[in-house]
Each structure stands twice: as C-alpha cells, then as structure tokens.
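Q: Following this line is upload-v2.cif, made up of mmCIF, C-alpha atoms and all ligand atoms:
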```cif
data_structure
#
loop_
_atom_site.label_atom_id
_atom_site.label_comp_id
_atom_site.auth_asym_id
_atom_site.auth_seq_id
_atom_site.Cartn_x
_atom_site.Cartn_y
_atom_site.Cartn_z
CA MET A 816 -42.39 -26.07 43.94
CA ALA A 817 -40.77 -22.67 44.33
CA GLN A 818 -37.43 -22.56 42.54
CA ASP A 819 -34.26 -21.76 44.45
CA ASP A 820 -32.49 -18.53 43.59
CA LEU A 821 -29.11 -18.79 41.90
CA LEU A 822 -27.07 -15.63 41.40
CA THR A 823 -24.85 -15.18 38.36
CA PRO A 824 -22.80 -11.99 38.88
CA VAL A 825 -21.21 -12.21 35.40
CA PRO A 826 -22.47 -13.17 31.91
CA LEU A 827 -22.10 -16.92 31.58
CA PRO A 828 -22.33 -18.77 28.24
CA ARG A 829 -25.79 -19.54 26.86
CA LEU A 830 -25.50 -23.27 27.65
CA VAL A 831 -24.81 -22.54 31.32
CA GLN A 832 -27.68 -20.09 31.57
CA GLU A 833 -30.14 -22.44 29.84
CA GLY A 834 -29.05 -25.42 31.94
CA LEU A 835 -29.27 -23.54 35.23
CA ALA A 836 -32.62 -21.96 34.34
CA LYS A 837 -34.22 -25.43 34.22
CA ARG A 838 -33.58 -25.90 37.93
CA PHE A 839 -33.11 -22.43 39.44
CA ARG A 840 -34.56 -18.94 39.29
CA LEU A 841 -31.59 -17.24 37.68
CA ILE A 842 -30.67 -13.78 38.88
CA LYS A 843 -28.48 -12.24 36.19
CA LEU A 844 -26.83 -9.47 38.11
CA TRP A 845 -25.05 -7.99 35.10
CA GLU A 846 -28.42 -7.35 33.40
CA GLU A 847 -30.07 -5.70 36.38
CA GLN A 848 -30.79 -1.96 36.30
CA ASP A 849 -30.12 -1.67 40.02
CA PRO A 850 -27.80 -4.53 41.01
CA GLU A 851 -27.35 -3.23 44.55
CA ALA A 852 -31.09 -3.31 45.21
CA VAL A 853 -31.33 -6.85 43.82
CA LEU A 854 -28.41 -8.00 45.95
CA ALA A 855 -29.92 -6.46 49.06
CA ALA A 856 -33.18 -8.30 48.41
CA ILE A 857 -31.74 -11.76 47.74
CA ALA A 858 -28.60 -11.77 49.92
CA PRO A 859 -30.11 -12.96 53.24
CA ASN A 860 -31.35 -16.26 51.80
CA LEU A 861 -29.12 -16.90 48.80
CA ARG A 862 -27.55 -20.39 48.74
CA PHE A 863 -26.07 -20.70 45.25
CA ILE A 864 -23.80 -18.62 43.02
CA ALA A 865 -22.47 -19.51 39.55
CA THR A 866 -19.61 -17.48 38.17
CA GLY A 867 -16.61 -17.79 35.87
CA VAL A 868 -13.10 -16.62 35.06
CA PRO A 869 -13.11 -13.41 32.96
CA ILE A 870 -11.92 -15.13 29.76
CA LEU A 871 -15.19 -17.12 29.84
CA THR A 872 -17.52 -14.30 30.90
CA GLU A 873 -17.16 -11.85 28.03
CA GLY A 874 -14.27 -10.26 29.92
CA VAL A 875 -16.52 -9.19 32.78
CA SER A 876 -14.71 -9.61 36.06
CA ARG A 877 -16.38 -9.83 39.47
CA PRO A 878 -14.02 -11.33 42.03
CA ILE A 879 -15.79 -13.38 44.67
CA ASP A 880 -13.82 -11.95 47.55
CA ALA A 881 -14.32 -12.02 51.30
CA ALA A 882 -16.36 -8.78 51.31
CA PHE A 883 -18.74 -10.09 48.60
CA LEU A 884 -19.09 -13.47 50.35
CA ALA A 885 -19.89 -11.76 53.65
CA ARG A 886 -23.12 -10.45 52.11
CA PHE A 887 -24.55 -13.97 51.82
CA PRO A 888 -24.84 -15.62 55.28
CA LYS A 889 -26.59 -18.72 53.89
CA LEU A 890 -24.37 -19.24 50.86
CA GLU A 891 -23.46 -22.91 50.26
CA LEU A 892 -22.01 -23.16 46.76
CA VAL A 893 -19.95 -21.15 44.27
CA ALA A 894 -19.86 -23.06 40.97
CA ASN A 895 -17.08 -21.69 38.78
CA LEU A 896 -16.76 -21.91 35.02
CA GLY A 897 -13.04 -22.47 34.48
CA VAL A 898 -10.46 -24.87 35.80
CA GLY A 899 -8.64 -21.92 37.40
CA TYR A 900 -10.41 -20.19 40.28
CA ASP A 901 -8.16 -17.28 41.12
CA ASN A 902 -11.30 -15.13 40.71
CA ILE A 903 -12.58 -16.63 43.99
CA ASP A 904 -11.19 -16.23 47.50
CA VAL A 905 -11.30 -19.94 48.30
CA ALA A 906 -9.83 -19.48 51.77
CA ALA A 907 -12.74 -17.18 52.63
CA CYS A 908 -15.16 -19.74 51.13
CA ALA A 909 -13.58 -22.56 53.16
CA ALA A 910 -13.79 -20.47 56.33
CA ARG A 911 -17.53 -19.95 55.72
CA GLY A 912 -18.18 -23.59 54.79
CA VAL A 913 -18.98 -22.61 51.20
CA VAL A 914 -18.13 -25.26 48.59
CA VAL A 915 -16.35 -24.12 45.43
CA THR A 916 -16.45 -26.21 42.26
CA ASN A 917 -14.42 -25.76 39.07
CA THR A 918 -14.33 -27.46 35.65
CA PRO A 919 -11.34 -29.83 35.60
CA ASP A 920 -10.74 -32.91 33.41
CA VAL A 921 -13.04 -31.91 30.54
CA LEU A 922 -10.47 -29.35 29.35
CA THR A 923 -7.25 -31.19 30.16
CA GLU A 924 -6.41 -32.64 26.73
CA GLU A 925 -7.51 -29.50 24.83
CA THR A 926 -5.35 -27.26 26.97
CA ALA A 927 -2.39 -29.64 26.71
CA ASP A 928 -2.82 -29.63 22.91
CA THR A 929 -2.71 -25.83 22.93
CA ALA A 930 0.35 -25.82 25.16
CA PHE A 931 2.18 -28.16 22.85
CA GLY A 932 1.09 -26.27 19.75
CA LEU A 933 2.39 -23.09 21.34
CA LEU A 934 5.70 -24.76 22.11
CA LEU A 935 6.11 -26.00 18.53
CA CYS A 936 5.13 -22.59 17.16
CA ALA A 937 7.58 -20.76 19.39
CA ILE A 938 10.55 -23.03 18.90
CA ARG A 939 10.14 -23.60 15.14
CA GLN A 940 8.79 -20.07 14.53
CA LEU A 941 5.80 -21.43 12.60
CA PRO A 942 3.54 -18.33 12.76
CA GLN A 943 6.53 -16.27 11.62
CA ALA A 944 7.08 -18.67 8.69
CA ASP A 945 3.39 -18.29 7.76
CA ARG A 946 3.72 -14.50 7.84
CA TYR A 947 6.91 -14.75 5.75
CA LEU A 948 5.17 -16.72 3.03
CA ARG A 949 2.13 -14.42 2.95
CA ALA A 950 4.40 -11.40 2.65
CA GLY A 951 5.84 -12.91 -0.54
CA LYS A 952 9.32 -13.21 0.95
CA TRP A 953 9.71 -16.89 -0.04
CA LEU A 954 9.98 -15.72 -3.65
CA ASP A 955 13.28 -14.08 -2.69
CA ASP A 956 14.70 -16.59 -0.23
CA GLY A 957 13.85 -19.52 2.06
CA PHE A 958 12.75 -18.91 5.64
CA PRO A 959 15.71 -18.74 8.07
CA LEU A 960 16.60 -21.89 10.04
CA THR A 961 15.22 -22.08 13.56
CA ALA A 962 15.94 -23.65 16.95
CA SER A 963 14.81 -27.23 17.46
CA LEU A 964 12.86 -29.37 19.88
CA ARG A 965 15.42 -32.13 19.46
CA GLY A 966 17.49 -33.03 22.50
CA ARG A 967 15.63 -30.73 24.86
CA THR A 968 14.45 -31.10 28.42
CA MET A 969 11.07 -29.68 29.39
CA GLY A 970 10.57 -28.61 33.00
CA ILE A 971 6.92 -28.46 33.98
CA VAL A 972 5.98 -25.96 36.65
CA GLY A 973 2.92 -27.51 38.30
CA LEU A 974 2.32 -31.20 37.59
CA GLY A 975 -1.46 -31.22 37.86
CA ARG A 976 -3.81 -32.86 35.39
CA ILE A 977 -2.86 -30.47 32.58
CA GLY A 978 0.86 -30.63 33.45
CA ARG A 979 0.74 -34.41 33.22
CA ALA A 980 -1.07 -34.34 29.88
CA ILE A 981 1.66 -32.01 28.58
CA ALA A 982 4.35 -34.32 30.00
CA ARG A 983 2.86 -37.27 28.09
CA ARG A 984 2.94 -35.26 24.88
CA GLY A 985 6.52 -34.24 25.62
CA GLU A 986 7.59 -37.85 25.98
CA ALA A 987 5.92 -38.75 22.69
CA PHE A 988 7.98 -35.97 21.09
CA GLY A 989 11.21 -37.37 22.57
CA LEU A 990 11.70 -34.71 25.25
CA LYS A 991 13.18 -35.38 28.66
CA ILE A 992 10.73 -34.30 31.37
CA ALA A 993 11.22 -32.85 34.84
CA TYR A 994 8.80 -31.10 37.17
CA HIS A 995 8.60 -28.66 40.02
CA GLY A 996 5.79 -28.50 42.55
CA ARG A 997 5.25 -28.40 46.27
CA ARG A 998 6.06 -32.08 46.71
CA PRO A 999 7.17 -35.10 44.67
CA GLN A 1000 4.35 -37.21 43.24
CA THR A 1001 4.98 -40.89 43.90
CA ASP A 1002 3.29 -42.01 40.68
CA ALA A 1003 5.16 -39.52 38.44
CA PRO A 1004 8.15 -41.16 36.72
CA TRP A 1005 9.98 -37.87 36.13
CA PRO A 1006 12.58 -36.14 38.32
CA TRP A 1007 11.16 -33.65 40.82
CA TYR A 1008 12.93 -30.43 41.66
CA GLU A 1009 12.21 -28.86 45.00
CA LYS A 1010 13.71 -25.57 43.84
CA LEU A 1011 12.31 -24.03 40.68
CA GLU A 1012 15.59 -22.30 39.96
CA ASP A 1013 17.45 -25.62 39.96
CA MET A 1014 14.95 -27.05 37.48
CA ALA A 1015 15.17 -23.97 35.27
CA ARG A 1016 18.95 -24.44 35.15
CA ALA A 1017 18.59 -28.13 34.28
CA CYS A 1018 16.10 -27.65 31.45
CA ASP A 1019 15.71 -25.48 28.36
CA ILE A 1020 11.93 -25.38 28.07
CA LEU A 1021 9.93 -24.07 31.02
CA MET A 1022 6.26 -25.01 30.75
CA VAL A 1023 4.07 -23.09 33.20
CA ALA A 1024 0.92 -25.03 34.17
CA ILE A 1025 0.49 -23.99 37.80
CA PRO A 1026 -2.62 -22.27 39.22
CA GLY A 1027 -2.67 -18.48 39.48
CA GLY A 1028 -3.41 -16.52 42.64
CA PRO A 1029 -1.37 -14.80 45.36
CA SER A 1030 0.85 -17.82 46.14
CA THR A 1031 2.26 -18.03 42.59
CA ARG A 1032 2.36 -14.32 41.68
CA ASN A 1033 5.60 -13.48 39.79
CA LEU A 1034 6.96 -16.97 40.48
CA ILE A 1035 8.79 -16.82 37.15
CA ASP A 1036 11.03 -13.82 37.72
CA ALA A 1037 14.40 -12.59 36.43
CA PRO A 1038 16.55 -15.15 38.34
CA ILE A 1039 14.41 -18.03 37.02
CA LEU A 1040 14.62 -16.71 33.45
CA ASP A 1041 18.39 -16.32 33.77
CA ALA A 1042 18.63 -19.88 35.06
CA LEU A 1043 16.66 -21.02 31.98
CA GLY A 1044 19.33 -19.37 29.87
CA PRO A 1045 19.89 -17.99 26.37
CA GLN A 1046 18.57 -21.11 24.58
CA GLY A 1047 15.58 -21.25 26.90
CA VAL A 1048 11.93 -21.21 25.86
CA LEU A 1049 9.16 -20.12 28.22
CA ILE A 1050 5.61 -21.34 27.58
CA ASN A 1051 2.77 -20.06 29.76
CA ILE A 1052 -0.73 -21.50 29.50
CA ALA A 1053 -1.59 -20.95 33.18
CA ARG A 1054 -2.13 -17.37 34.33
CA GLY A 1055 -0.30 -14.22 33.33
CA THR A 1056 0.20 -13.34 36.97
CA VAL A 1057 2.58 -16.28 37.42
CA VAL A 1058 5.20 -14.54 35.25
CA ASP A 1059 6.85 -11.21 36.09
CA GLU A 1060 5.98 -9.61 32.73
CA PRO A 1061 8.49 -6.72 32.84
CA ALA A 1062 11.25 -9.21 33.77
CA LEU A 1063 10.20 -11.44 30.86
CA ILE A 1064 10.19 -8.52 28.43
CA ALA A 1065 13.71 -7.54 29.56
CA ALA A 1066 14.99 -11.13 29.27
CA LEU A 1067 13.56 -11.47 25.74
CA ARG A 1068 14.84 -8.09 24.64
CA GLU A 1069 18.34 -8.78 25.94
CA GLY A 1070 18.47 -12.32 24.52
CA ARG A 1071 18.78 -13.80 28.01
CA ILE A 1072 16.17 -16.36 26.91
CA LEU A 1073 15.52 -17.47 23.33
CA THR A 1074 11.78 -17.00 22.97
CA ALA A 1075 8.39 -17.38 24.61
CA GLY A 1076 4.93 -18.71 23.80
CA LEU A 1077 2.24 -17.02 25.86
CA ASP A 1078 -1.47 -17.79 26.00
CA VAL A 1079 -2.07 -15.68 29.11
CA PHE A 1080 -1.13 -12.20 30.28
CA ALA A 1081 -1.13 -10.24 33.50
CA HIS A 1082 -3.80 -7.71 32.42
CA GLU A 1083 -5.93 -9.45 29.77
CA PRO A 1084 -7.00 -8.52 27.17
CA ASN A 1085 -4.25 -5.92 27.30
CA VAL A 1086 -0.93 -7.26 26.11
CA PRO A 1087 2.24 -5.21 26.63
CA SER A 1088 3.17 -3.35 23.46
CA GLU A 1089 6.79 -4.48 23.97
CA LEU A 1090 5.70 -8.11 23.51
CA ILE A 1091 3.54 -7.28 20.50
CA ALA A 1092 6.53 -5.56 18.90
CA MET A 1093 8.73 -8.65 19.28
CA ASP A 1094 8.41 -10.75 16.16
CA HIS A 1095 10.07 -13.85 17.61
CA VAL A 1096 7.55 -14.50 20.40
CA VAL A 1097 4.21 -16.24 19.87
CA LEU A 1098 1.17 -14.67 21.52
CA LEU A 1099 -2.31 -16.22 21.77
CA PRO A 1100 -5.48 -14.58 23.13
CA HIS A 1101 -6.05 -17.05 26.02
CA VAL A 1102 -7.42 -19.88 23.87
CA GLY A 1103 -6.15 -22.89 25.85
CA SER A 1104 -9.58 -24.55 26.12
CA ALA A 1105 -11.30 -22.57 23.38
CA SER A 1106 -12.88 -25.24 21.17
CA HIS A 1107 -16.66 -25.61 20.85
CA ALA A 1108 -16.63 -29.15 22.26
CA THR A 1109 -14.47 -28.37 25.28
CA ARG A 1110 -16.20 -25.13 26.18
CA ASP A 1111 -19.58 -26.89 25.95
CA ALA A 1112 -18.32 -29.66 28.23
CA MET A 1113 -17.12 -27.05 30.73
CA SER A 1114 -20.51 -25.33 30.61
CA ALA A 1115 -22.31 -28.63 31.21
CA LEU A 1116 -20.10 -29.35 34.21
CA VAL A 1117 -21.01 -26.04 35.88
CA VAL A 1118 -24.69 -26.91 35.52
CA ASP A 1119 -24.19 -30.50 36.71
CA ASN A 1120 -22.30 -29.31 39.78
CA ALA A 1121 -25.01 -26.85 40.76
CA VAL A 1122 -27.90 -29.24 40.08
CA SER A 1123 -26.25 -32.14 41.93
CA PHE A 1124 -25.39 -29.93 44.90
CA ALA A 1125 -28.86 -28.42 45.13
CA ALA A 1126 -30.39 -31.91 44.97
CA GLY A 1127 -28.39 -32.86 48.08
CA CYS A 1128 -26.09 -35.21 46.14
CA GLY A 1129 -22.96 -33.13 46.68
CA PRO A 1130 -20.73 -31.31 44.20
CA LEU A 1131 -19.17 -33.29 41.32
CA THR A 1132 -15.86 -31.45 41.17
CA PRO A 1133 -15.16 -29.53 44.40
CA VAL A 1134 -11.78 -27.79 44.51
CA ALA A 1135 -9.10 -29.13 46.86
CA GLU A 1136 -9.51 -26.26 49.33
CA THR A 1137 -13.21 -27.03 49.92
CA PRO A 1138 -13.36 -30.85 49.87
CA TRP A 1139 -16.63 -32.75 49.99
CA PRO A 1140 -17.77 -34.21 52.23
CA SER A 1141 -15.97 -31.80 54.50
CA ARG A 1142 -14.08 -33.36 57.40
CA GLY A 1143 -16.84 -32.35 59.79
CA GLN A 1144 -19.52 -34.08 57.74
CA ALA A 1145 -17.38 -37.17 57.09
CA THR A 1146 -16.98 -37.89 60.79
CA GLN A 1147 -20.62 -37.33 61.62
C1 LIG A 1201 -9.24 -20.86 31.77
O1 LIG A 1201 -8.36 -20.08 31.89
C2 LIG A 1201 -9.68 -21.70 32.83
O2 LIG A 1201 -9.31 -21.46 34.01
O3 LIG A 1201 -10.44 -22.64 32.57
#
```
Output the file's structure in the form of structure tokens.
Ligand code: GLV

A:
Amino acid sequence: MAQDDLLTPVPLPRLVQEGLAKRFRLIKLWEEQDPEAVLAAIAPNLRFIATGVPILTEGVSRPIDAAFLARFPKLELVANLGVGYDNIDVAACAARGVVVTNTPDVLTEETADTAFGLLLCAIRQLPQADRYLRAGKWLDDGFPLTASLRGRTMGIVGLGRIGRAIARRGEAFGLKIAYHGRRPQTDAPWPWYEKLEDMARACDILMVAIPGGPSTRNLIDAPILDALGPQGVLINIARGTVVDEPALIAALREGRILTAGLDVFAHEPNVPSELIAMDHVVLLPHVGSASHATRDAMSALVVDNAVSFAAGCGPLTPVAETPWPSRGQATQ
C-alpha cells in the first residue's frame, strides 16, 4: 500500500520521526535543498502535517499561519508537539475544517513540578544561596535571610490542567489559592476572580499558567504588577508573550514587586540583559517539561494522534478550538 505523505516543516525529536516513519512517508522540509519545490509538489494532496513549538524543534520556528494553511486544500490534521499551540493559527484551521492536536496531560505533573520548584527558588533565593556557597562567601558569613512562602496566597492565572496541578501543590504547601480565568469552574474549590487586577491585589504570588497567543499578549502589565505589590512574586511557566517584559523589568528594578521566576521569555532564546543582570530573579531556559520521560511521552502522543487520525479513528487529543467529532459530523 502506498504510504500517505506527512509533512514536518521543523525538526522534530528522533522518537517522533521514527514513529511517524512507520506509517507515513515523511517529508522533512527543513532538510530539503529546495523546500519551495517540494511544497509545490506535495501541497495539492497533502492531508497531514506534524509540527512543534520552537522549544521542542531545535529552536526552528515555522508558524502554521493562514497563508501556509491555504497552500494545502486537502489538509486534515496538524499534530503539534507541545501543549501550547500558539505556533498554529487554530482559528484558520477551524475555518478550514483542519483538526489540531496537542500534547496535554502527559506533561502536566512535570510542568507543575517545575513551576513549584521555580517558586521555591525565587522566594527562598535557593540558586543565589548555591552561588554564594560556591563563591566561598559562607566562610565569611551566613547567607542573608529571605522572604518566605509561609502565609501567602497564590493566584493562578489560567486554571487549566497545569494550573490545577500547581494549585494542588500549593495547597500541600499550605498556600491559599485563588484563580482567574474566563469563567468560574464549578468543580474548583478556590475563589474565582473575574478581574485579574483584583486577584493580583488579593494575592502575593502570581502564577502564570495561561496559554499564549494574541488573546493573552501582555496580559500581565504594569497595573497588574503594581496590584501584586512590593512583596509580590511573579512566576511564569506559560509563554513569555503573556508578560509585558519591559514593564516587568521596570517593576523589578524599582522594587515594585519582590522577585520573579521565569521559565519563558518573549523572544527565546534571547533573554533581556536587564533580567540577566538582576541577581534576585530566577531564570530557566524553558525547561518546564524537559525530562527524558515526559518529552518521550509527548513525542509518543504526537505519533499516536497522527496514526489514529490517519486510520480513521479520530484524533486522541484535539484542541478545544477544533473539537472531534466536529458538530457537523456529530449530527450526521
Ligand atoms: C512547551 O512549552 C509546550 O507548549 O509544551
């Protein structure tokens, strides 16, 4: 049987490539001498694309935007490596009846662990204490006292799967929890704030776990940081675009918030030199899900989505914007 073509515009991890190659004829666009010629040849009949967010594709970025999608009239599936899918214009996919899948669940606990580790590091200044010891400064004096997690309230921006896993950890650590999102969740036992600014005022840790993309760009801006206040801690494990970086730098520099723990940045892998120069913030190179086990599970889920879809069994983890079966199919 002739194998179906599957286009991978960006370098995907070895496990994804090997898994997909068992079922599809893989077209690795990033390896092609003349990508335009290859695209022109395959575009009219292409049904499947697999791609990924830049942190998982060796930093190679190829947004799946409306213009790119328009080249593939028969496209049915875009399988994304990554729980976030701000690299894909999902509205354009939905309009064309193209299903998008992502890699949720398998990375939830890992990412929540990272978020909590980042919070502990930022508030207790643990990387700074490590640097202090290595520099031999302990021989002269003990490390300065730090702020504490005790008695704090953590406001979670975006109570999705990862937000909830962080909330559970917060409760185990004795934190009060609140959340902000589009609507209250009936099964969430924590107070919901309709207005982010009100929540920022009511809490002293702001944990950002909301998807990136145009609707959340610069959501955390100067007024929100000021509402968080001078004892406030900002943790971002979502997308750098959610935070107004210059506003954050100003707030940190002027002591209008206490500190920040950041796993993501607006222009990765470039991190503003102002942040790098600040010793009291904790900066990670986008490692939220970056363990062998979790990354392998994410890779396997991309393959499983594509194989299941191509076999006519539907996607395993379609994103909310492109549900399956679609309303049209469900009523048929
Ligand atoms: C990583 O950032 C992801 O979206 O999975």

Q: Please identify every polymer residue within 8 Å of ligand LIG 1201 (chain A), using only C-alpha atoms and all ligand atoms, and present the set as a PDB file with C-alpha atoms, in the frame of the given file.

A:
```pdb
ATOM      1  CA  VAL A 868     -13.100 -16.620  35.060  1.00  0.00           C
ATOM      2  CA  ILE A 870     -11.920 -15.130  29.760  1.00  0.00           C
ATOM      3  CA  LEU A 871     -15.190 -17.120  29.840  1.00  0.00           C
ATOM      4  CA  LEU A 896     -16.760 -21.910  35.020  1.00  0.00           C
ATOM      5  CA  GLY A 897     -13.040 -22.470  34.480  1.00  0.00           C
ATOM      6  CA  VAL A 898     -10.460 -24.870  35.800  1.00  0.00           C
ATOM      7  CA  GLY A 899      -8.640 -21.920  37.400  1.00  0.00           C
ATOM      8  CA  TYR A 900     -10.410 -20.190  40.280  1.00  0.00           C
ATOM      9  CA  THR A 918     -14.330 -27.460  35.650  1.00  0.00           C
ATOM     10  CA  PRO A 919     -11.340 -29.830  35.600  1.00  0.00           C
ATOM     11  CA  LEU A 922     -10.470 -29.350  29.350  1.00  0.00           C
ATOM     12  CA  ALA A1053      -1.590 -20.950  33.180  1.00  0.00           C
ATOM     13  CA  ARG A1054      -2.130 -17.370  34.330  1.00  0.00           C
ATOM     14  CA  HIS A1101      -6.050 -17.050  26.020  1.00  0.00           C
ATOM     15  CA  GLY A1103      -6.150 -22.890  25.850  1.00  0.00           C
ATOM     16  CA  SER A1104      -9.580 -24.550  26.120  1.00  0.00           C
TER      17      SER A1104
END
```

Q: Between A:Ala962, A:Val913, A:Ala1015, A:Leu830, which has the minimum distance to A:Thr1074 (counting only C-alpha atoms)?

A: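 With only C-alpha atoms as the atom set, the closest residue is A:Ala962.
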
Q: Counting only C-alpha atoms, note down every residue that has an atom within 10 Å of the point (12.9, -13.5, 34.3) (file coordinates), as a PyMOL selection string.

A: chain A and resi 1033-1044+1049+1058-1067+1071-1072

Q: Of the residues A:Thr968, A:Thr823, A:Gln1046, A:Gln940, which is the one nearest to A:Leu1073, using all atoms listed in the file?

A: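 Ranking A:Thr968, A:Thr823, A:Gln1046, A:Gln940 by distance to A:Leu1073, first place goes to A:Gln1046.
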
Q: Take the point (-16.3, -11.8, 50.8) as written in the file and pick out every residue within 10 Å of it, counting only C-alpha atoms; give the list as a list in words.

A: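 Residues with an atom close enough to that point: Pro878, Ile879, Asp880, Ala881, Ala882, Phe883, Leu884, Ala885, Arg886, Phe887, Ile903, Asp904, Val905, Ala907, Cys908 and Arg911 of chain A.
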
Q: Give me the box for stretch 1069-1085 of chain A as JSON, namely the centre and edge lengths in Å to one decimal of a box along x, y and z that holds every listed atom plus 5 Å on each side.

A:
```
{"center_x": 5.9, "center_y": -12.3, "center_z": 28.2, "size_x": 35.8, "size_y": 22.8, "size_z": 20.5}
```

Q: Grab the atom CA of A:Arg949 to atom CA of A:Leu935 distance for me, in Å with one decimal place.

A: 19.8 Å

Q: If you count all atoms listed in the file, which residues fall within 12 Å of A:Phe958, apart from same-chain ones fewer than 6 positions away, as a PyMOL selection string?

A: chain A and resi 939-952

Q: Could you write out that same residue set with C-alpha atoms as an mmCIF file, in the frame of the given file?

A:
```
data_model
loop_
_atom_site.group_PDB
_atom_site.id
_atom_site.type_symbol
_atom_site.label_atom_id
_atom_site.label_comp_id
_atom_site.auth_asym_id
_atom_site.auth_seq_id
_atom_site.Cartn_x
_atom_site.Cartn_y
_atom_site.Cartn_z
ATOM 1 C CA ARG A 939 10.140 -23.600 15.140
ATOM 2 C CA GLN A 940 8.790 -20.070 14.530
ATOM 3 C CA LEU A 941 5.800 -21.430 12.600
ATOM 4 C CA PRO A 942 3.540 -18.330 12.760
ATOM 5 C CA GLN A 943 6.530 -16.270 11.620
ATOM 6 C CA ALA A 944 7.080 -18.670 8.690
ATOM 7 C CA ASP A 945 3.390 -18.290 7.760
ATOM 8 C CA ARG A 946 3.720 -14.500 7.840
ATOM 9 C CA TYR A 947 6.910 -14.750 5.750
ATOM 10 C CA LEU A 948 5.170 -16.720 3.030
ATOM 11 C CA ARG A 949 2.130 -14.420 2.950
ATOM 12 C CA ALA A 950 4.400 -11.400 2.650
ATOM 13 C CA GLY A 951 5.840 -12.910 -0.540
ATOM 14 C CA LYS A 952 9.320 -13.210 0.950
#
```

Q: Pick out the closest residue to A:Ile864 from this set: A:Leu990, A:Ala1121, A:Leu934, A:Leu1011. Count all atoms listed in the file.

A: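 Among A:Leu990, A:Ala1121, A:Leu934, A:Leu1011, it is A:Ala1121 that comes nearest to A:Ile864.
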
Q: Could you name the residues that touch A:Glu924 at 10 Å or less, counting only C-alpha atoms, but leaving out those on the same chain fewer than 4 positions away, as a PDB file with C-alpha atoms, keeping the file's coordinate frame?

A:
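Output saved as around.pdb:
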```pdb
ATOM      1  CA  ASP A 920     -10.740 -32.910  33.410  1.00  0.00           C
ATOM      2  CA  ASP A 928      -2.820 -29.630  22.910  1.00  0.00           C
ATOM      3  CA  THR A 929      -2.710 -25.830  22.930  1.00  0.00           C
ATOM      4  CA  ALA A 930       0.350 -25.820  25.160  1.00  0.00           C
ATOM      5  CA  ARG A 976      -3.810 -32.860  35.390  1.00  0.00           C
ATOM      6  CA  ILE A 977      -2.860 -30.470  32.580  1.00  0.00           C
ATOM      7  CA  ARG A 979       0.740 -34.410  33.220  1.00  0.00           C
ATOM      8  CA  ALA A 980      -1.070 -34.340  29.880  1.00  0.00           C
ATOM      9  CA  ILE A 981       1.660 -32.010  28.580  1.00  0.00           C
ATOM     10  CA  ARG A 984       2.940 -35.260  24.880  1.00  0.00           C
ATOM     11  CA  GLY A1103      -6.150 -22.890  25.850  1.00  0.00           C
ATOM     12  CA  SER A1104      -9.580 -24.550  26.120  1.00  0.00           C
ATOM     13  CA  THR A1109     -14.470 -28.370  25.280  1.00  0.00           C
TER      14      THR A1109
END
```

Q: A:Met1014: which residues within 9 Å, counting all atoms listed in the file, same-chain residues fewer than 5 positions away excluded, as a JSON list (two decimals) with C-alpha atoms, in the frame of the given file?

A:
```
[["chain", "number", "residue", "atom", "x", "y", "z"],
["A", 970, "GLY", "CA", 10.57, -28.61, 33.00],
["A", 971, "ILE", "CA", 6.92, -28.46, 33.98],
["A", 993, "ALA", "CA", 11.22, -32.85, 34.84],
["A", 994, "TYR", "CA", 8.80, -31.10, 37.17],
["A", 995, "HIS", "CA", 8.60, -28.66, 40.02],
["A", 1007, "TRP", "CA", 11.16, -33.65, 40.82],
["A", 1008, "TYR", "CA", 12.93, -30.43, 41.66],
["A", 1009, "GLU", "CA", 12.21, -28.86, 45.00],
["A", 1021, "LEU", "CA", 9.93, -24.07, 31.02],
["A", 1042, "ALA", "CA", 18.63, -19.88, 35.06],
["A", 1043, "LEU", "CA", 16.66, -21.02, 31.98]]
```

Q: Looking at only C-alpha atoms, which of A:Val875, A:Val1102, A:Leu835, A:Val1048 is the one that sits closest to A:Ser1123?

A: A:Leu835

Q: What separation in Å, quoted to one decimal, exists between atom CA of A:Ala1108 and atom CA of A:Leu974?

A: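 Separation of atom CA of A:Ala1108 and atom CA of A:Leu974: 24.5 Å.
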
Q: When you draw a straight line from atom CA of A:Thr1132 to atom CA of A:Ala1115, how long is it in Å?

A: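 Computing the Euclidean distance for atom CA of A:Thr1132 and atom CA of A:Ala1115 yields 12.2 Å.
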